[in-house]
>>> print(open('model-v3.cif').read())   # mmCIF, C-alpha atoms
data_coords
loop_
_atom_site.label_atom_id
_atom_site.label_comp_id
_atom_site.auth_asym_id
_atom_site.auth_seq_id
_atom_site.Cartn_x
_atom_site.Cartn_y
_atom_site.Cartn_z
CA MET A 1 33.04 -54.33 24.20
CA SER A 2 34.92 -52.35 21.59
CA THR A 3 33.25 -49.17 20.43
CA GLU A 4 35.34 -49.03 17.26
CA ASN A 5 33.34 -51.81 15.64
CA PHE A 6 30.02 -50.39 14.46
CA GLU A 7 28.36 -53.70 13.76
CA ASN A 8 29.30 -55.28 17.09
CA ALA A 9 28.52 -52.29 19.29
CA SER A 10 26.36 -52.50 22.40
CA ALA A 11 23.53 -54.94 21.79
CA ALA A 12 19.92 -53.92 22.26
CA PRO A 13 17.94 -55.65 25.07
CA ASN A 14 15.87 -57.66 22.59
CA GLY A 15 19.01 -59.23 21.10
CA GLN A 16 18.10 -58.37 17.52
CA PRO A 17 20.74 -56.92 15.10
CA ALA A 18 21.01 -53.13 14.74
CA GLU A 19 19.09 -53.01 11.45
CA GLU A 20 16.17 -54.88 13.05
CA GLN A 21 15.75 -52.35 15.84
CA PRO A 22 12.82 -49.90 15.94
CA VAL A 23 13.43 -46.42 14.58
CA TRP A 24 13.31 -44.76 17.99
CA ARG A 25 16.19 -46.96 19.21
CA GLN A 26 18.27 -46.16 16.14
CA GLU A 27 17.67 -42.44 16.65
CA TYR A 28 18.99 -42.60 20.22
CA PRO A 29 21.95 -45.00 20.03
CA ILE A 30 24.05 -46.03 22.98
CA ASP A 31 27.47 -46.06 21.35
CA TRP A 32 29.24 -42.80 20.50
CA SER A 33 30.14 -44.02 17.01
CA GLU A 34 26.48 -44.57 16.14
CA SER A 35 25.55 -41.31 17.82
CA GLU A 36 28.07 -39.58 15.54
CA TYR A 37 26.17 -40.84 12.51
CA VAL A 38 22.91 -39.38 13.82
CA THR A 39 24.42 -36.01 14.79
CA ARG A 40 26.10 -35.58 11.39
CA ARG A 41 22.84 -36.37 9.62
CA GLU A 42 21.00 -33.85 11.80
CA PHE A 43 23.72 -31.25 11.17
CA THR A 44 23.24 -31.83 7.44
CA ARG A 45 19.54 -31.13 7.97
CA LEU A 46 20.47 -27.85 9.68
CA LEU A 47 22.67 -26.95 6.69
CA LEU A 48 19.69 -27.62 4.41
CA VAL A 49 17.61 -25.13 6.43
CA THR A 50 20.47 -22.61 6.16
CA SER A 51 20.57 -23.18 2.41
CA PHE A 52 16.84 -22.45 2.21
CA ALA A 53 17.35 -19.27 4.25
CA PHE A 54 19.91 -18.02 1.72
CA VAL A 55 17.43 -18.60 -1.11
CA VAL A 56 14.83 -16.60 0.85
CA GLY A 57 17.40 -13.82 1.23
CA GLN A 58 18.17 -13.82 -2.50
CA ALA A 59 14.44 -13.75 -3.30
CA TRP A 60 14.04 -10.82 -0.90
CA ILE A 61 16.68 -8.87 -2.85
CA VAL A 62 14.86 -9.57 -6.14
CA LEU A 63 11.48 -8.56 -4.67
CA SER A 64 13.00 -5.46 -3.12
CA SER A 65 14.47 -4.46 -6.47
CA VAL A 66 11.16 -5.02 -8.28
CA GLY A 67 9.28 -3.05 -5.61
CA LYS A 68 11.79 -0.23 -5.80
CA LYS A 69 11.33 0.07 -9.56
CA ALA A 70 7.55 -0.13 -9.28
CA THR A 71 7.28 2.58 -6.65
CA ALA A 72 9.92 4.87 -8.09
CA ALA A 73 7.94 7.91 -9.04
CA GLN A 74 9.13 10.68 -11.28
CA PRO A 75 11.80 12.49 -9.22
CA PRO A 76 10.67 15.91 -8.07
CA ARG A 77 12.07 19.13 -9.55
CA VAL A 78 13.35 21.15 -6.62
CA GLU A 79 14.98 24.54 -6.61
CA ILE A 80 18.31 24.44 -4.80
CA ALA A 81 19.74 27.93 -5.09
CA LYS A 82 20.24 30.96 -7.25
CA ILE A 83 23.29 30.96 -9.50
CA ASP A 84 24.99 33.83 -7.69
CA GLN A 85 24.36 32.24 -4.31
CA VAL A 86 27.32 29.85 -4.59
CA PRO A 87 30.69 31.44 -5.39
CA VAL A 88 33.33 29.68 -7.48
CA GLY A 89 34.99 27.07 -5.30
CA GLY A 90 32.09 27.17 -2.85
CA SER A 91 29.53 24.55 -1.90
CA LEU A 92 26.01 24.40 -0.55
CA LEU A 93 24.27 21.74 1.50
CA PHE A 94 20.75 20.82 0.43
CA TYR A 95 18.39 17.87 0.84
CA TYR A 96 17.14 15.87 -2.11
CA PRO A 97 14.87 14.03 -2.86
CA ASN A 98 13.74 14.09 0.80
CA GLU A 99 14.88 15.67 4.04
CA ASN A 100 16.82 12.52 5.00
CA SER A 101 19.12 12.71 1.98
CA PRO A 102 21.81 15.38 2.36
CA CYS A 103 23.51 16.46 -0.86
CA LEU A 104 26.22 18.92 -1.80
CA LEU A 105 26.12 21.45 -4.61
CA VAL A 106 29.61 22.51 -5.69
CA HIS A 107 30.61 25.38 -7.95
CA LEU A 108 33.78 24.17 -9.68
CA PRO A 109 36.62 26.51 -10.74
CA SER A 110 35.69 25.64 -14.35
CA ASP A 111 32.39 27.47 -13.67
CA GLN A 112 30.42 24.20 -13.74
CA TYR A 113 27.95 23.08 -11.12
CA VAL A 114 27.89 19.52 -9.82
CA ALA A 115 25.91 17.94 -7.01
CA PHE A 116 26.35 14.64 -5.21
CA SER A 117 24.90 12.80 -2.27
CA GLN A 118 26.85 13.63 0.87
CA LYS A 119 26.68 10.07 2.18
CA CYS A 120 29.93 8.17 1.72
CA THR A 121 29.30 4.90 -0.11
CA HIS A 122 31.42 3.07 2.45
CA LEU A 123 29.54 3.58 5.73
CA SER A 124 27.42 6.69 5.08
CA CYS A 125 29.62 9.23 6.84
CA PRO A 126 29.18 12.77 5.43
CA VAL A 127 31.81 13.64 2.83
CA LEU A 128 33.34 17.13 2.78
CA PRO A 129 34.18 19.07 -0.37
CA GLU A 130 37.80 20.07 -0.91
CA VAL A 131 37.42 22.00 -4.13
CA ASP A 132 41.01 23.22 -4.33
CA GLN A 133 42.21 19.60 -4.26
CA GLY A 134 39.49 18.40 -6.59
CA ARG A 135 38.00 15.84 -4.25
CA PHE A 136 35.39 14.96 -1.66
CA HIS A 137 37.02 13.75 1.51
CA CYS A 138 35.46 11.34 3.99
CA PRO A 139 37.16 11.89 7.36
CA CYS A 140 35.83 8.68 8.93
CA HIS A 141 38.05 6.25 7.01
CA GLU A 142 40.03 8.58 4.74
CA GLY A 143 37.97 7.88 1.63
CA GLU A 144 38.29 10.19 -1.35
CA PHE A 145 36.05 10.85 -4.35
CA ASP A 146 36.65 12.83 -7.51
CA ILE A 147 34.76 16.11 -7.21
CA GLN A 148 33.69 16.16 -10.89
CA THR A 149 32.50 12.56 -11.28
CA GLY A 150 32.11 11.20 -7.75
CA VAL A 151 34.32 8.22 -8.62
CA PRO A 152 36.23 6.81 -5.61
CA LEU A 153 39.92 7.69 -5.73
CA SER A 154 41.29 6.08 -2.58
CA GLY A 155 40.30 4.57 0.74
CA PRO A 156 37.66 1.93 1.46
CA PRO A 157 34.79 3.15 -0.80
CA ARG A 158 34.32 1.10 -3.97
CA ARG A 159 31.19 2.77 -5.41
CA ARG A 160 30.91 6.30 -6.64
CA LEU A 161 28.71 8.90 -5.00
CA PRO A 162 25.15 9.13 -6.35
CA GLN A 163 25.01 12.20 -8.59
CA VAL A 164 22.17 14.70 -8.52
CA LYS A 165 21.08 15.78 -11.98
CA LEU A 166 20.94 19.55 -12.27
CA GLU A 167 19.09 21.96 -14.47
CA ILE A 168 19.79 25.68 -14.70
CA ALA A 169 16.97 27.95 -15.78
CA ASN A 170 16.26 31.63 -15.27
CA GLY A 171 19.18 32.10 -12.92
CA HIS A 172 18.13 29.25 -10.65
CA ILE A 173 19.60 25.80 -10.12
CA TYR A 174 17.16 22.89 -9.89
CA ALA A 175 17.66 19.26 -8.85
CA VAL A 176 15.74 17.04 -11.26
CA GLY A 177 16.84 13.49 -10.45
CA ILE A 178 19.46 11.18 -9.01
CA GLU A 179 21.82 8.87 -10.83
CA GLU A 180 22.75 5.97 -8.55
CA GLY A 181 26.42 5.32 -8.03
CA VAL A 182 27.91 2.36 -9.88
CA ALA A 183 31.55 1.47 -9.45
CA MET B 1 -2.57 -55.57 26.41
CA ARG B 2 0.55 -53.43 26.70
CA PRO B 3 2.66 -53.38 23.52
CA SER B 4 6.25 -54.47 23.86
CA LEU B 5 8.84 -51.74 23.32
CA ALA B 6 11.31 -54.27 21.95
CA ARG B 7 9.01 -55.19 19.10
CA PRO B 8 10.05 -53.29 15.95
CA SER B 9 7.15 -51.19 14.71
CA ARG B 10 9.10 -49.85 11.74
CA VAL B 11 12.29 -51.47 10.54
CA ARG B 12 14.99 -49.90 8.43
CA ARG B 13 16.54 -51.86 5.58
CA SER B 14 19.68 -50.46 4.00
CA PRO B 15 22.15 -52.02 1.54
CA PHE B 16 24.97 -50.37 3.50
CA SER B 17 26.37 -51.26 6.87
CA ARG B 18 26.35 -48.74 9.70
CA SER B 19 30.03 -47.86 9.19
CA GLN B 20 29.52 -47.39 5.44
CA ARG B 21 26.56 -45.13 6.06
CA SER B 22 28.64 -43.11 8.51
CA THR B 23 31.23 -42.50 5.79
CA ILE B 24 28.52 -41.55 3.30
CA VAL B 25 26.86 -39.09 5.68
CA THR B 26 30.22 -37.44 6.36
CA GLY B 27 30.88 -37.02 2.63
CA ILE B 28 27.43 -35.63 1.94
CA MET B 29 27.70 -33.29 4.90
CA LEU B 30 30.93 -31.83 3.50
CA ILE B 31 29.43 -31.34 0.02
CA VAL B 32 26.34 -29.65 1.48
CA TRP B 33 28.63 -27.49 3.63
CA LEU B 34 30.57 -26.36 0.53
CA LEU B 35 27.33 -25.52 -1.29
CA VAL B 36 26.10 -23.46 1.66
CA ILE B 37 29.40 -21.53 1.73
CA LEU B 38 28.93 -20.90 -2.00
CA GLN B 39 25.43 -19.59 -1.29
CA LEU B 40 26.83 -17.30 1.41
CA TRP B 41 29.30 -15.87 -1.11
CA LEU B 42 26.52 -15.48 -3.69
CA PHE B 43 24.33 -13.66 -1.19
CA MET B 44 27.09 -11.23 -0.21
CA ALA B 45 28.06 -10.54 -3.84
CA THR B 46 24.44 -10.00 -4.85
CA MET B 47 23.76 -7.68 -1.92
CA GLU B 48 26.91 -5.69 -2.70
CA ALA B 49 25.88 -5.33 -6.35
CA TYR B 50 22.30 -4.39 -5.44
CA LEU B 51 23.38 -1.70 -2.99
CA GLY B 52 25.76 -0.40 -5.66
CA GLY B 53 22.87 0.10 -8.06
CA ASN B 54 23.73 -2.88 -10.28
CA ASP B 55 20.53 -4.88 -10.75
CA ASN B 56 21.84 -7.13 -13.52
CA VAL B 57 23.22 -9.84 -11.26
CA ILE B 58 20.40 -10.31 -8.76
CA VAL B 59 18.24 -12.68 -10.83
CA PRO B 60 21.20 -14.91 -11.88
CA GLY B 61 22.25 -14.88 -8.21
CA LEU B 62 18.81 -16.11 -7.18
CA ILE B 63 18.85 -18.86 -9.85
CA ALA B 64 22.31 -20.05 -8.76
CA SER B 65 21.21 -20.10 -5.13
CA VAL B 66 18.07 -22.11 -6.00
CA VAL B 67 20.22 -24.62 -7.92
CA CYS B 68 22.43 -25.00 -4.83
CA LEU B 69 19.34 -25.55 -2.67
CA LEU B 70 18.01 -28.21 -5.06
CA LEU B 71 21.37 -29.99 -5.00
CA ASN B 72 21.37 -29.87 -1.21
CA PHE B 73 17.81 -31.14 -1.08
CA GLY B 74 18.66 -34.00 -3.45
CA LEU B 75 21.66 -35.01 -1.37
CA PHE B 76 19.64 -34.90 1.83
CA HIS B 77 16.87 -36.90 0.21
CA TYR B 78 19.45 -39.54 -0.71
CA LEU B 79 20.62 -39.50 2.89
CA ARG B 80 17.09 -40.03 4.15
CA ASN B 81 16.65 -42.97 1.80
CA LEU B 82 19.73 -44.62 3.26
CA ASP B 83 17.82 -45.15 6.49
CA ARG B 84 14.80 -46.75 4.85
#
>>> encode(input="model-v3.cif", output="structure tokens")
Amino acid sequence: MSTENFENASAAPNGQPAEEQPVWRQEYPIDWSESEYVTRREFTRLLLVTSFAFVVGQAWIVLSSVGKKATAAQPPRVEIAKIDQVPVGGSLLFYYPNENSPCLLVHLPSDQYVAFSQKCTHLSCPVLPEVDQGRFHCPCHEGEFDIQTGVPLSGPPRRRLPQVKLEIANGHIYAVGIEEGVA
Amino acid sequence: MRPSLARPSRVRRSPFSRSQRSTIVTGIMLIVWLLVILQLWLFMATMEAYLGGNDNVIVPGLIASVVCLLLNFGLFHYLRNLDR
């Protein structure tokens, strides 16, 4: 019997046409062509579950964002260093706002102070200041950031480094907040 | 008395033949597949924006993904009705 003809495929033992067969027999067909119909329908069901999983993922991002905003307390005011502690062209490693967040304070040749997160926005390697060349350099994948703004200049990073807001008072430099990096 | 297995307990009635339904299920499967790929792209773009500190796109991303899911659900519902 030809398996190319759907309607005249292998007959069921009771002799009834395919549409008259019980559901269980239609779900487990004999002929490969009919089996193909069932497997494609079941694959479509799997795709539907995948689609639902993506919606759950998107909802998780929204909830995570809302939770982050709700729990974001006023950033602490932390003393980093004294003004004369960092020479022009020098840098200082500090941790802000917690001990798991390394940051770099840089004293620019223009006598300004800037501070950025040390984590590269590509894959979180530590960036190194190269003040004379006006950049932060990430040795992992040759990423470069502008030392004044934290904007990516070359390499794989596409987002700028988070900038630490500074305040200078009574000869001391304080970290007072973080501005997240946006491309 | 033992019930006969050959006796149809529930019978499907469809306006389409088996071969027509096979074509329909293939078409719907491809459309659903495209929508899922679109959702994958949406998810990656939204995650990238969120990690970059851009929160403006995450709610529109969720809405677009829900619309895709509803379309997929509607298509699958149509597919289920083909067998009834």
>>> resolve_selection(input="model-v3.cif", expression="the PyMOL selection byres ((chain A) within 9 of (chain B))", output="number ranges by chain")
A: 5-7, 12-14, 18-23, 33-34, 36-38, 40-41, 43-45, 47-48, 50-52, 54-59, 61-62, 65, 121, 158-160, 180-183
>>> closest_residue(input="model-v3.cif", among="A:Ala115, A:Leu166, A:Ile178, A:Ile173", to="Gln148 of chain A", atoms="only C-alpha atoms")
A:Ala115
>>> atom_distance(input="model-v3.cif", atom1="atom CA of Cys120 of chain A", atom2="atom CA of Arg135 of chain A")
12.6 Å
>>> closest_residue(input="model-v3.cif", among="A:His137, A:Lys165, A:Lys69, A:Arg77", to="Tyr113 of chain A", atoms="all atoms listed in the file")
A:Lys165
>>> atom_distance(input="model-v3.cif", atom1="atom CA of Leu161 of chain A", atom2="atom CA of Tyr96 of chain A")
13.8 Å
>>> atom_distance(input="model-v3.cif", atom1="atom CA of Gly171 of chain A", atom2="atom CA of Gln133 of chain A")
27.6 Å
